[in-house]
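Undergrad: So I've got this file, protein_4.cif, and it contains mmCIF, C-alpha atoms:
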```cif
data_start
#
loop_
_atom_site.label_atom_id
_atom_site.label_comp_id
_atom_site.auth_asym_id
_atom_site.auth_seq_id
_atom_site.Cartn_x
_atom_site.Cartn_y
_atom_site.Cartn_z
CA MET A 1 -33.85 18.64 -11.98
CA GLU A 2 -37.23 20.31 -12.54
CA THR A 3 -38.26 22.64 -9.72
CA THR A 4 -41.55 24.13 -8.59
CA LEU A 5 -42.55 27.16 -6.53
CA GLU A 6 -42.86 24.95 -3.45
CA ARG A 7 -39.42 23.39 -3.88
CA PHE A 8 -37.64 26.49 -5.15
CA GLN A 9 -36.08 27.42 -1.79
CA ALA A 10 -34.44 24.02 -1.36
CA ASP A 11 -33.68 23.30 -5.02
CA VAL A 12 -32.20 26.69 -5.89
CA ILE A 13 -31.59 29.08 -2.99
CA ASP A 14 -30.25 26.55 -0.49
CA ALA A 15 -28.36 24.60 -3.16
CA SER A 16 -26.65 27.76 -4.44
CA MET A 17 -25.02 28.20 -1.03
CA GLU A 18 -22.95 25.10 -1.82
CA LYS A 19 -22.30 25.48 -5.55
CA PRO A 20 -23.45 27.67 -8.49
CA VAL A 21 -26.93 26.89 -9.83
CA LEU A 22 -27.95 27.42 -13.46
CA LEU A 23 -31.67 28.13 -13.53
CA ASP A 24 -32.98 27.31 -17.01
CA PHE A 25 -36.42 28.72 -17.91
CA TRP A 26 -37.85 26.70 -20.81
CA ALA A 27 -41.07 25.34 -22.34
CA PRO A 28 -41.85 22.19 -24.35
CA TRP A 29 -42.90 24.20 -27.44
CA CYS A 30 -39.70 26.31 -27.50
CA GLY A 31 -37.40 25.34 -30.38
CA PRO A 32 -34.13 26.86 -29.04
CA CYS A 33 -34.85 25.26 -25.65
CA LYS A 34 -34.66 21.84 -27.30
CA SER A 35 -31.06 22.47 -28.31
CA LEU A 36 -29.93 24.38 -25.20
CA GLY A 37 -31.39 22.00 -22.61
CA PRO A 38 -29.51 18.84 -23.65
CA LEU A 39 -26.29 20.84 -24.02
CA LEU A 40 -26.60 22.19 -20.48
CA GLU A 41 -27.30 18.67 -19.22
CA LYS A 42 -24.20 17.38 -20.98
CA LEU A 43 -22.05 20.12 -19.46
CA GLU A 44 -23.46 19.47 -15.99
CA SER A 45 -22.27 15.89 -16.34
CA GLN A 46 -18.88 16.83 -17.78
CA TYR A 47 -18.20 19.37 -15.02
CA GLY A 48 -18.63 16.57 -12.50
CA GLY A 49 -21.06 18.26 -10.14
CA ARG A 50 -19.22 21.58 -9.85
CA PHE A 51 -22.51 23.31 -10.73
CA LEU A 52 -26.17 22.30 -10.54
CA LEU A 53 -28.67 22.59 -13.40
CA VAL A 54 -32.27 23.34 -12.32
CA LYS A 55 -35.00 23.69 -14.94
CA VAL A 56 -38.25 25.68 -14.74
CA ASN A 57 -41.12 24.83 -17.13
CA THR A 58 -42.65 28.27 -17.68
CA ASP A 59 -45.99 26.78 -18.77
CA GLU A 60 -46.36 24.98 -15.46
CA GLN A 61 -44.56 27.44 -13.18
CA GLN A 62 -45.95 30.79 -14.26
CA GLN A 63 -45.46 32.41 -10.85
CA LEU A 64 -41.72 31.70 -10.98
CA ALA A 65 -41.57 33.01 -14.54
CA GLN A 66 -43.35 36.19 -13.48
CA HIS A 67 -41.10 36.63 -10.46
CA PHE A 68 -38.02 36.51 -12.70
CA ARG A 69 -39.75 38.69 -15.32
CA ILE A 70 -39.23 36.17 -18.10
CA ARG A 71 -40.03 37.76 -21.46
CA SER A 72 -38.46 35.20 -23.78
CA ILE A 73 -37.11 31.70 -23.50
CA PRO A 74 -34.75 30.10 -23.06
CA THR A 75 -33.46 32.37 -20.32
CA VAL A 76 -30.79 31.11 -17.93
CA PHE A 77 -29.93 32.72 -14.59
CA ALA A 78 -26.76 31.99 -12.61
CA ILE A 79 -27.56 31.81 -8.88
CA VAL A 80 -24.67 31.98 -6.41
CA GLY A 81 -25.07 32.38 -2.66
CA GLY A 82 -28.83 32.75 -3.04
CA GLN A 83 -28.56 35.67 -5.47
CA PRO A 84 -28.70 35.97 -9.28
CA VAL A 85 -25.26 37.06 -10.46
CA ASP A 86 -25.49 36.67 -14.24
CA GLN A 87 -27.86 35.62 -17.02
CA PHE A 88 -28.25 35.08 -20.76
CA GLN A 89 -31.06 34.56 -23.24
CA GLY A 90 -31.22 32.29 -26.26
CA ALA A 91 -29.33 29.15 -27.20
CA LEU A 92 -25.61 29.85 -26.92
CA PRO A 93 -22.97 27.66 -28.57
CA GLU A 94 -21.03 25.28 -26.34
CA GLY A 95 -17.89 27.42 -26.21
CA GLN A 96 -19.78 30.45 -24.91
CA LEU A 97 -21.66 28.28 -22.43
CA ARG A 98 -18.38 26.99 -21.03
CA GLU A 99 -17.09 30.54 -20.66
CA PHE A 100 -20.29 31.53 -18.84
CA ILE A 101 -20.00 28.56 -16.47
CA ASP A 102 -16.26 28.97 -15.87
CA ARG A 103 -16.78 32.55 -14.69
CA LEU A 104 -19.01 31.22 -11.91
CA LEU A 105 -16.74 28.49 -10.62
CA PRO A 106 -14.11 29.06 -7.95
CA ASP A 107 -10.51 28.52 -9.02
CA PRO A 108 -9.54 25.15 -7.45
CA THR A 109 -5.92 26.28 -7.15
CA GLU A 110 -6.93 29.11 -4.82
CA ALA A 111 -8.06 26.61 -2.19
CA GLU A 112 -4.72 24.81 -2.44
CA ILE A 113 -2.81 28.09 -2.15
CA GLU A 114 -4.80 28.91 0.97
CA GLN A 115 -4.07 25.45 2.39
CA ALA A 116 -0.35 25.92 1.63
CA MET A 117 -0.30 29.24 3.48
CA GLN A 118 -2.06 27.65 6.45
CA ALA A 119 0.51 24.83 6.41
CA LEU A 120 3.31 27.40 6.50
CA GLU A 121 1.69 29.12 9.49
CA ARG A 122 1.70 25.74 11.26
CA GLY A 123 5.35 25.22 10.36
CA ASP A 124 4.50 22.35 8.01
CA ARG A 125 6.98 23.14 5.22
CA ASP A 126 6.72 19.69 3.64
CA GLY A 127 2.93 19.92 3.43
CA ALA A 128 3.11 23.41 1.93
CA THR A 129 5.72 22.25 -0.58
CA GLU A 130 3.57 19.37 -1.81
CA LEU A 131 0.52 21.63 -2.21
CA LEU A 132 2.50 24.22 -4.15
CA LYS A 133 4.01 21.55 -6.39
CA LYS A 134 0.49 20.34 -7.15
CA VAL A 135 -0.62 23.86 -8.11
CA LEU A 136 2.43 24.42 -10.31
CA ALA A 137 1.96 21.07 -12.02
CA ALA A 138 -1.56 22.14 -12.97
CA VAL A 139 -0.81 25.82 -13.65
CA PRO A 140 2.96 26.32 -14.21
CA GLU A 141 2.54 30.09 -14.63
CA HIS A 142 0.71 30.56 -11.28
CA GLU A 143 2.72 33.49 -9.89
CA THR A 144 1.53 33.28 -6.28
CA ALA A 145 2.54 29.61 -6.15
CA ARG A 146 5.89 30.40 -7.76
CA LEU A 147 6.58 33.13 -5.25
CA LEU A 148 5.66 31.02 -2.23
CA TYR A 149 7.60 28.02 -3.53
CA ALA A 150 10.67 30.20 -4.16
CA GLN A 151 10.57 31.39 -0.55
CA LEU A 152 10.49 27.77 0.63
CA LEU A 153 13.46 26.92 -1.60
CA LEU A 154 15.50 29.96 -0.64
CA GLU A 155 17.55 28.55 2.24
CA GLY A 156 18.00 25.00 0.99
CA ASP A 157 18.36 25.54 -2.75
CA PRO A 158 18.88 29.22 -3.61
CA ALA A 159 19.69 28.45 -7.24
CA ALA A 160 16.30 26.77 -7.67
CA ALA A 161 14.64 29.66 -5.85
CA LEU A 162 16.33 32.12 -8.19
CA ALA A 163 15.18 30.14 -11.24
CA MET A 164 11.61 30.16 -9.91
CA LEU A 165 11.74 33.91 -9.27
CA ASP A 166 13.27 34.64 -12.68
CA ALA A 167 10.22 32.97 -14.25
CA LEU A 168 7.90 35.59 -12.72
CA GLY A 169 6.37 38.24 -14.97
CA ASP A 170 7.79 41.76 -15.24
CA GLU A 171 4.96 43.24 -13.18
CA ALA A 172 5.65 40.88 -10.26
CA LYS A 173 9.41 41.53 -10.45
CA ALA A 174 8.76 45.26 -10.24
CA ASP A 175 7.35 44.82 -6.73
CA PRO A 176 10.05 46.03 -4.26
CA GLN A 177 9.59 43.03 -1.98
CA VAL A 178 9.96 40.59 -4.87
CA ALA A 179 13.00 42.47 -6.16
CA ALA A 180 14.58 42.21 -2.71
CA LEU A 181 13.82 38.49 -2.64
CA ILE A 182 15.46 38.01 -6.04
CA ALA A 183 18.55 39.89 -4.85
CA ARG A 184 18.70 37.72 -1.74
CA ALA A 185 18.36 34.52 -3.77
CA ARG A 186 21.13 35.64 -6.14
CA GLN A 187 23.40 36.45 -3.21
CA LEU A 188 22.81 33.09 -1.53
CA ALA A 189 23.31 31.22 -4.81
CA GLU A 190 26.66 32.95 -5.34
CA GLU A 191 27.76 32.28 -1.76
CA ALA A 192 26.84 28.60 -2.09
CA HIS A 193 28.91 28.20 -5.25
CA VAL A 194 32.20 26.36 -4.71
CA PRO A 195 34.65 26.37 -7.65
CA PRO A 196 35.30 22.92 -9.14
CA PRO A 197 38.54 21.18 -8.15
CA LEU A 198 41.37 22.42 -10.36
CA GLU A 199 42.72 18.88 -10.73
CA LEU A 200 39.53 17.65 -12.43
CA VAL A 201 39.29 20.67 -14.71
CA THR A 202 42.96 20.18 -15.72
CA ARG A 203 42.48 16.45 -16.40
CA ILE A 204 39.52 17.10 -18.69
CA ALA A 205 41.35 19.95 -20.45
CA GLU A 206 44.31 17.65 -21.14
CA ASN A 207 42.16 14.64 -22.07
CA ASP A 208 38.53 15.32 -22.92
CA GLY A 209 37.92 11.56 -23.00
CA ASP A 210 38.69 11.18 -19.28
CA LEU A 211 35.18 10.04 -18.35
CA GLN A 212 36.02 9.34 -14.72
CA ALA A 213 37.15 12.95 -14.30
CA ARG A 214 33.88 14.10 -15.92
CA LEU A 215 31.88 11.90 -13.55
CA ASP A 216 33.75 13.22 -10.52
CA LEU A 217 33.22 16.78 -11.72
CA ALA A 218 29.51 16.07 -12.21
CA HIS A 219 29.26 14.83 -8.62
CA HIS A 220 30.95 18.02 -7.42
CA TYR A 221 28.33 20.08 -9.23
CA ILE A 222 25.53 17.87 -7.88
CA GLU A 223 26.72 18.53 -4.32
CA GLN A 224 26.51 22.27 -5.11
CA LYS A 225 23.05 21.77 -6.68
CA ALA A 226 24.47 23.23 -9.86
CA TRP A 227 22.29 21.03 -12.02
CA ALA A 228 23.07 22.38 -15.50
CA PRO A 229 26.88 21.95 -15.40
CA ALA A 230 26.44 18.54 -13.76
CA LEU A 231 24.08 17.42 -16.52
CA GLU A 232 26.46 18.78 -19.15
CA GLN A 233 29.25 16.49 -17.91
CA LEU A 234 26.95 13.50 -17.56
CA LEU A 235 25.51 13.93 -21.04
CA GLU A 236 29.03 14.01 -22.47
CA ILE A 237 29.70 10.68 -20.75
CA VAL A 238 26.55 9.20 -22.33
CA ARG A 239 27.52 10.60 -25.72
CA ARG A 240 31.06 9.17 -25.60
CA ASP A 241 30.43 5.77 -23.97
CA ARG A 242 27.05 4.43 -22.86
CA ALA A 243 28.72 1.39 -21.29
CA PHE A 244 31.01 3.42 -19.02
CA GLY A 245 30.38 2.56 -15.38
CA ASP A 246 27.42 0.37 -16.31
CA ASP A 247 25.62 3.30 -17.98
CA VAL A 248 26.37 5.55 -15.00
CA GLY A 249 26.03 8.73 -17.06
CA ARG A 250 22.41 8.10 -17.97
CA ARG A 251 21.49 6.71 -14.57
CA THR A 252 22.96 9.70 -12.77
CA MET A 253 21.19 12.10 -15.12
CA ILE A 254 17.86 10.51 -14.22
CA ASP A 255 18.73 10.87 -10.54
CA VAL A 256 19.51 14.57 -11.09
CA PHE A 257 16.15 15.05 -12.84
CA GLY A 258 14.48 14.02 -9.60
CA LYS A 259 16.70 16.25 -7.46
CA ALA A 260 16.09 19.23 -9.76
CA SER A 261 12.29 18.87 -9.85
CA ALA A 262 11.94 22.43 -8.56
CA GLN A 263 13.21 23.61 -11.96
CA PRO A 264 10.85 21.89 -14.43
CA GLN A 265 12.00 23.90 -17.44
CA LEU A 266 15.62 22.88 -16.86
CA VAL A 267 14.63 19.24 -16.39
CA SER A 268 12.51 19.27 -19.55
CA GLU A 269 15.36 20.75 -21.61
CA TRP A 270 17.93 18.20 -20.43
CA ARG A 271 15.50 15.30 -20.84
CA ARG A 272 15.11 16.38 -24.44
CA ARG A 273 18.90 16.51 -24.88
CA LEU A 274 19.33 13.07 -23.35
CA SER A 275 16.64 11.61 -25.63
CA SER A 276 18.35 13.18 -28.63
CA VAL A 277 21.64 11.48 -27.74
CA LEU A 278 20.03 8.13 -26.92
CA PHE A 279 17.73 7.87 -29.93
#
```
What is this structure when it is put down as structure tokens?
TA:
Amino acid sequence: METTLERFQADVIDASMEKPVLLDFWAPWCGPCKSLGPLLEKLESQYGGRFLLVKVNTDEQQQLAQHFRIRSIPTVFAIVGGQPVDQFQGALPEGQLREFIDRLLPDPTEAEIEQAMQALERGDRDGATELLKKVLAAVPEHETARLLYAQLLLEGDPAAALAMLDALGDEAKADPQVAALIARARQLAEEAHVPPPLELVTRIAENDGDLQARLDLAHHYIEQKAWAPALEQLLEIVRRDRAFGDDVGRRTMIDVFGKASAQPQLVSEWRRRLSSVLF
């Protein structure tokens, strides 16, 4: 979009209230402008409308050039909320342009975090959970999302909550409130743990090929949401006899992967182990 003095308010000031505007001062005789302009246009398209590119021909719009005190071209201003917030001169390479643009754009995950917190205030735990899962799928290391998700998991699946909290960075864990939450999750996980039936443990110890005992033991662990020991028994069934129970070992493992989705690292590790045994 080429703007003029008459259209500047609508094209730039008003538009920047909705999204960042890159204001590109250029001229037809400017060599670097001929390389920068098409690159900015390409990025505007690739960013899918998250920012707006507005061009100013300094030969035709000298009043605008004077207002912005343009001394050399190309010069690009970033306009956000009606105000210039950053600028650069010259033709930057694409990587530096992307860095410049990314600094202007709001983090899309922050809106989803805010929506999740609003859902929690309304008592909509399911809605908050789905939003937080979406954030963590896009940014697995997002600590605010991890912390909120762990709090949601705490009562229903303390082991998963503890795994989520353990993945936090050292700085977050040093926070007294987070440390207290970790201690609470550990306590609940220990209280929820029920020892496996002695009969099943004895049968497997006496005959490690007793696949029915392994399957029963796996189901005990699944009821306790102790995913790792359950998957260990199921994988041993797959390793020893794929045909047992109509491939029940593999099928149950896949079911556990779905149940344990709150612990993506654990699921990824056991998927890899299953693939190694199968293939």
Undergrad: Any chance you could resolve the PyMOL selection byres ((chain A and resi 272-279) around 9) against this file and give the residues as a VMD selection string?
TA: chain A and resid 235 238 to 239 242 250 253 267 to 271
Undergrad: So that I have them on file, write out the residues from the current selection with C-alpha atoms, as an mmCIF file, in the frame of the given file.
TA:
```cif
data_model
loop_
_atom_site.group_PDB
_atom_site.id
_atom_site.type_symbol
_atom_site.label_atom_id
_atom_site.label_comp_id
_atom_site.auth_asym_id
_atom_site.auth_seq_id
_atom_site.Cartn_x
_atom_site.Cartn_y
_atom_site.Cartn_z
ATOM 1 C CA LEU A 235 25.510 13.930 -21.040
ATOM 2 C CA VAL A 238 26.550 9.200 -22.330
ATOM 3 C CA ARG A 239 27.520 10.600 -25.720
ATOM 4 C CA ARG A 242 27.050 4.430 -22.860
ATOM 5 C CA ARG A 250 22.410 8.100 -17.970
ATOM 6 C CA MET A 253 21.190 12.100 -15.120
ATOM 7 C CA VAL A 267 14.630 19.240 -16.390
ATOM 8 C CA SER A 268 12.510 19.270 -19.550
ATOM 9 C CA GLU A 269 15.360 20.750 -21.610
ATOM 10 C CA TRP A 270 17.930 18.200 -20.430
ATOM 11 C CA ARG A 271 15.500 15.300 -20.840
#
```
Undergrad: Give me the residues near A:Ile101 as a ChimeraX atom specification, where near means some atom within 12 Å (using all atoms listed in the file) and where sequence neighbours in that chain fewer than 5 positions away do not count.
TA: /A:19-22,40,43-44,46-47,50-53,76-80,85-88,92,94-96,106
Undergrad: Any chance you could export the current selection's C-alpha atoms as a CSV table (one decimal), in the coordinates of the input?
TA:
```
chain,number,residue,atom,x,y,z
A,19,LYS,CA,-22.3,25.5,-5.6
A,20,PRO,CA,-23.4,27.7,-8.5
A,21,VAL,CA,-26.9,26.9,-9.8
A,22,LEU,CA,-28.0,27.4,-13.5
A,40,LEU,CA,-26.6,22.2,-20.5
A,43,LEU,CA,-22.0,20.1,-19.5
A,44,GLU,CA,-23.5,19.5,-16.0
A,46,GLN,CA,-18.9,16.8,-17.8
A,47,TYR,CA,-18.2,19.4,-15.0
A,50,ARG,CA,-19.2,21.6,-9.8
A,51,PHE,CA,-22.5,23.3,-10.7
A,52,LEU,CA,-26.2,22.3,-10.5
A,53,LEU,CA,-28.7,22.6,-13.4
A,76,VAL,CA,-30.8,31.1,-17.9
A,77,PHE,CA,-29.9,32.7,-14.6
A,78,ALA,CA,-26.8,32.0,-12.6
A,79,ILE,CA,-27.6,31.8,-8.9
A,80,VAL,CA,-24.7,32.0,-6.4
A,85,VAL,CA,-25.3,37.1,-10.5
A,86,ASP,CA,-25.5,36.7,-14.2
A,87,GLN,CA,-27.9,35.6,-17.0
A,88,PHE,CA,-28.2,35.1,-20.8
A,92,LEU,CA,-25.6,29.8,-26.9
A,94,GLU,CA,-21.0,25.3,-26.3
A,95,GLY,CA,-17.9,27.4,-26.2
A,96,GLN,CA,-19.8,30.4,-24.9
A,106,PRO,CA,-14.1,29.1,-8.0
```
Undergrad: Nearest to A:Leu105 among A:Leu266, A:Ala10, A:Glu18, A:Phe257, with distances taken over only C-alpha atoms: which residue is it?
TA: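 Using only C-alpha atoms, A:Leu105 sits closest to A:Glu18.
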Undergrad: For the file shown, report as a ChimeraX atom specification the outcome of the PyMOL selection byres ((chain A and resi 128-134) around 8) at residue level.
TA: /A:112-113,115-117,119-120,124-127,135-138,145-146,148-149,152
Undergrad: From the list A:Cys33, A:Pro28, A:Leu23, A:Phe100, which residue is nearest A:Leu64 when using all atoms listed in the file?
TA: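 Counting all atoms listed in the file, the residue closest to A:Leu64 is A:Leu23.
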Undergrad: Atom CA of A:Thr4 to atom CA of A:Phe25: how many Å, to one decimal?
TA: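 It comes out at 11.6 Å.
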Undergrad: What is the distance between atom CA of A:Gly82 and atom CA of A:Met17, in Å to one decimal?
TA: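 For atom CA of A:Gly82 relative to atom CA of A:Met17, the distance reads 6.3 Å.
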Undergrad: Evaluate the PyMOL selection byres ((chain A and resi 194) around 10) and record the selected residues as a short mmCIF file (atom, residue, chain, number, x, y, z; two decimals) with C-alpha atoms, in the frame of the given file, following the chain and residue labels used in the document.
TA:
```cif
data_model
loop_
_atom_site.label_atom_id
_atom_site.label_comp_id
_atom_site.auth_asym_id
_atom_site.auth_seq_id
_atom_site.Cartn_x
_atom_site.Cartn_y
_atom_site.Cartn_z
CA GLU A 190 26.66 32.95 -5.34
CA GLU A 191 27.76 32.28 -1.76
CA ALA A 192 26.84 28.60 -2.09
CA HIS A 193 28.91 28.20 -5.25
CA PRO A 195 34.65 26.37 -7.65
CA PRO A 196 35.30 22.92 -9.14
CA PRO A 197 38.54 21.18 -8.15
CA HIS A 220 30.95 18.02 -7.42
CA TYR A 221 28.33 20.08 -9.23
CA GLU A 223 26.72 18.53 -4.32
CA GLN A 224 26.51 22.27 -5.11
CA ALA A 226 24.47 23.23 -9.86
#
```
Undergrad: For stretch 154-189 of chain A, where the input has fewer atoms than it should, I would like N, CA and C atoms rebuilt and written as a short mmCIF file (atom, residue, chain, number, x, y, z; two decimals), in the coordinates of the input.
TA:
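What follows is the written file part.cif:
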```cif
data_model
loop_
_atom_site.label_atom_id
_atom_site.label_comp_id
_atom_site.auth_asym_id
_atom_site.auth_seq_id
_atom_site.Cartn_x
_atom_site.Cartn_y
_atom_site.Cartn_z
N LEU A 154 14.44 28.97 -0.76
CA LEU A 154 15.50 29.96 -0.64
C LEU A 154 16.70 29.48 0.18
N GLU A 155 16.44 28.93 1.36
CA GLU A 155 17.55 28.55 2.24
C GLU A 155 18.21 27.25 1.80
N GLY A 156 17.43 26.30 1.35
CA GLY A 156 18.00 25.00 0.99
C GLY A 156 18.55 24.91 -0.41
N ASP A 157 17.95 25.63 -1.35
CA ASP A 157 18.36 25.54 -2.75
C ASP A 157 18.17 26.91 -3.40
N PRO A 158 19.06 27.87 -3.09
CA PRO A 158 18.88 29.22 -3.61
C PRO A 158 18.91 29.31 -5.13
N ALA A 159 19.66 28.42 -5.78
CA ALA A 159 19.69 28.45 -7.24
C ALA A 159 18.32 28.11 -7.82
N ALA A 160 17.65 27.12 -7.22
CA ALA A 160 16.30 26.77 -7.67
C ALA A 160 15.33 27.90 -7.37
N ALA A 161 15.50 28.53 -6.20
CA ALA A 161 14.64 29.66 -5.85
C ALA A 161 14.82 30.79 -6.84
N LEU A 162 16.06 31.05 -7.23
CA LEU A 162 16.33 32.12 -8.19
C LEU A 162 15.72 31.80 -9.55
N ALA A 163 15.80 30.54 -9.97
CA ALA A 163 15.18 30.14 -11.24
C ALA A 163 13.67 30.32 -11.19
N MET A 164 13.06 30.00 -10.06
CA MET A 164 11.61 30.16 -9.91
C MET A 164 11.23 31.64 -9.94
N LEU A 165 12.02 32.48 -9.30
CA LEU A 165 11.74 33.91 -9.27
C LEU A 165 11.97 34.57 -10.64
N ASP A 166 12.99 34.09 -11.35
CA ASP A 166 13.27 34.64 -12.68
C ASP A 166 12.13 34.37 -13.65
N ALA A 167 11.33 33.32 -13.36
CA ALA A 167 10.22 32.97 -14.25
C ALA A 167 8.99 33.85 -14.01
N LEU A 168 9.02 34.70 -12.98
CA LEU A 168 7.90 35.59 -12.72
C LEU A 168 7.78 36.64 -13.82
N GLY A 169 6.59 37.19 -13.98
CA GLY A 169 6.37 38.24 -14.97
C GLY A 169 7.01 39.55 -14.54
N ASP A 170 7.14 40.47 -15.50
CA ASP A 170 7.79 41.76 -15.24
C ASP A 170 7.06 42.55 -14.16
N GLU A 171 5.73 42.48 -14.16
CA GLU A 171 4.96 43.24 -13.18
C GLU A 171 5.26 42.75 -11.77
N ALA A 172 5.34 41.43 -11.59
CA ALA A 172 5.65 40.88 -10.26
C ALA A 172 7.07 41.26 -9.85
N LYS A 173 8.01 41.20 -10.78
CA LYS A 173 9.41 41.53 -10.45
C LYS A 173 9.57 42.99 -10.08
N ALA A 174 8.67 43.83 -10.56
CA ALA A 174 8.76 45.26 -10.24
C ALA A 174 8.38 45.56 -8.80
N ASP A 175 7.72 44.62 -8.13
CA ASP A 175 7.35 44.82 -6.73
C ASP A 175 8.64 44.88 -5.88
N PRO A 176 8.81 45.90 -5.04
CA PRO A 176 10.05 46.03 -4.26
C PRO A 176 10.37 44.82 -3.40
N GLN A 177 9.34 44.21 -2.81
CA GLN A 177 9.59 43.03 -1.98
C GLN A 177 10.08 41.85 -2.80
N VAL A 178 9.52 41.68 -4.00
CA VAL A 178 9.96 40.59 -4.87
C VAL A 178 11.37 40.87 -5.37
N ALA A 179 11.65 42.12 -5.71
CA ALA A 179 13.00 42.47 -6.16
C ALA A 179 14.03 42.19 -5.07
N ALA A 180 13.67 42.49 -3.83
CA ALA A 180 14.58 42.21 -2.71
C ALA A 180 14.78 40.71 -2.53
N LEU A 181 13.72 39.95 -2.74
CA LEU A 181 13.82 38.49 -2.64
C LEU A 181 14.72 37.93 -3.73
N ILE A 182 14.60 38.46 -4.93
CA ILE A 182 15.46 38.01 -6.04
C ILE A 182 16.92 38.32 -5.73
N ALA A 183 17.18 39.52 -5.20
CA ALA A 183 18.55 39.89 -4.85
C ALA A 183 19.11 38.96 -3.78
N ARG A 184 18.27 38.63 -2.80
CA ARG A 184 18.70 37.72 -1.74
C ARG A 184 19.00 36.32 -2.30
N ALA A 185 18.14 35.84 -3.17
CA ALA A 185 18.36 34.52 -3.77
C ALA A 185 19.64 34.50 -4.59
N ARG A 186 19.90 35.57 -5.33
CA ARG A 186 21.13 35.64 -6.14
C ARG A 186 22.36 35.65 -5.24
N GLN A 187 22.28 36.39 -4.15
CA GLN A 187 23.40 36.45 -3.21
C GLN A 187 23.68 35.08 -2.60
N LEU A 188 22.63 34.40 -2.14
CA LEU A 188 22.81 33.09 -1.53
C LEU A 188 23.33 32.07 -2.54
N ALA A 189 22.85 32.15 -3.78
CA ALA A 189 23.31 31.22 -4.81
C ALA A 189 24.80 31.42 -5.08
#
```
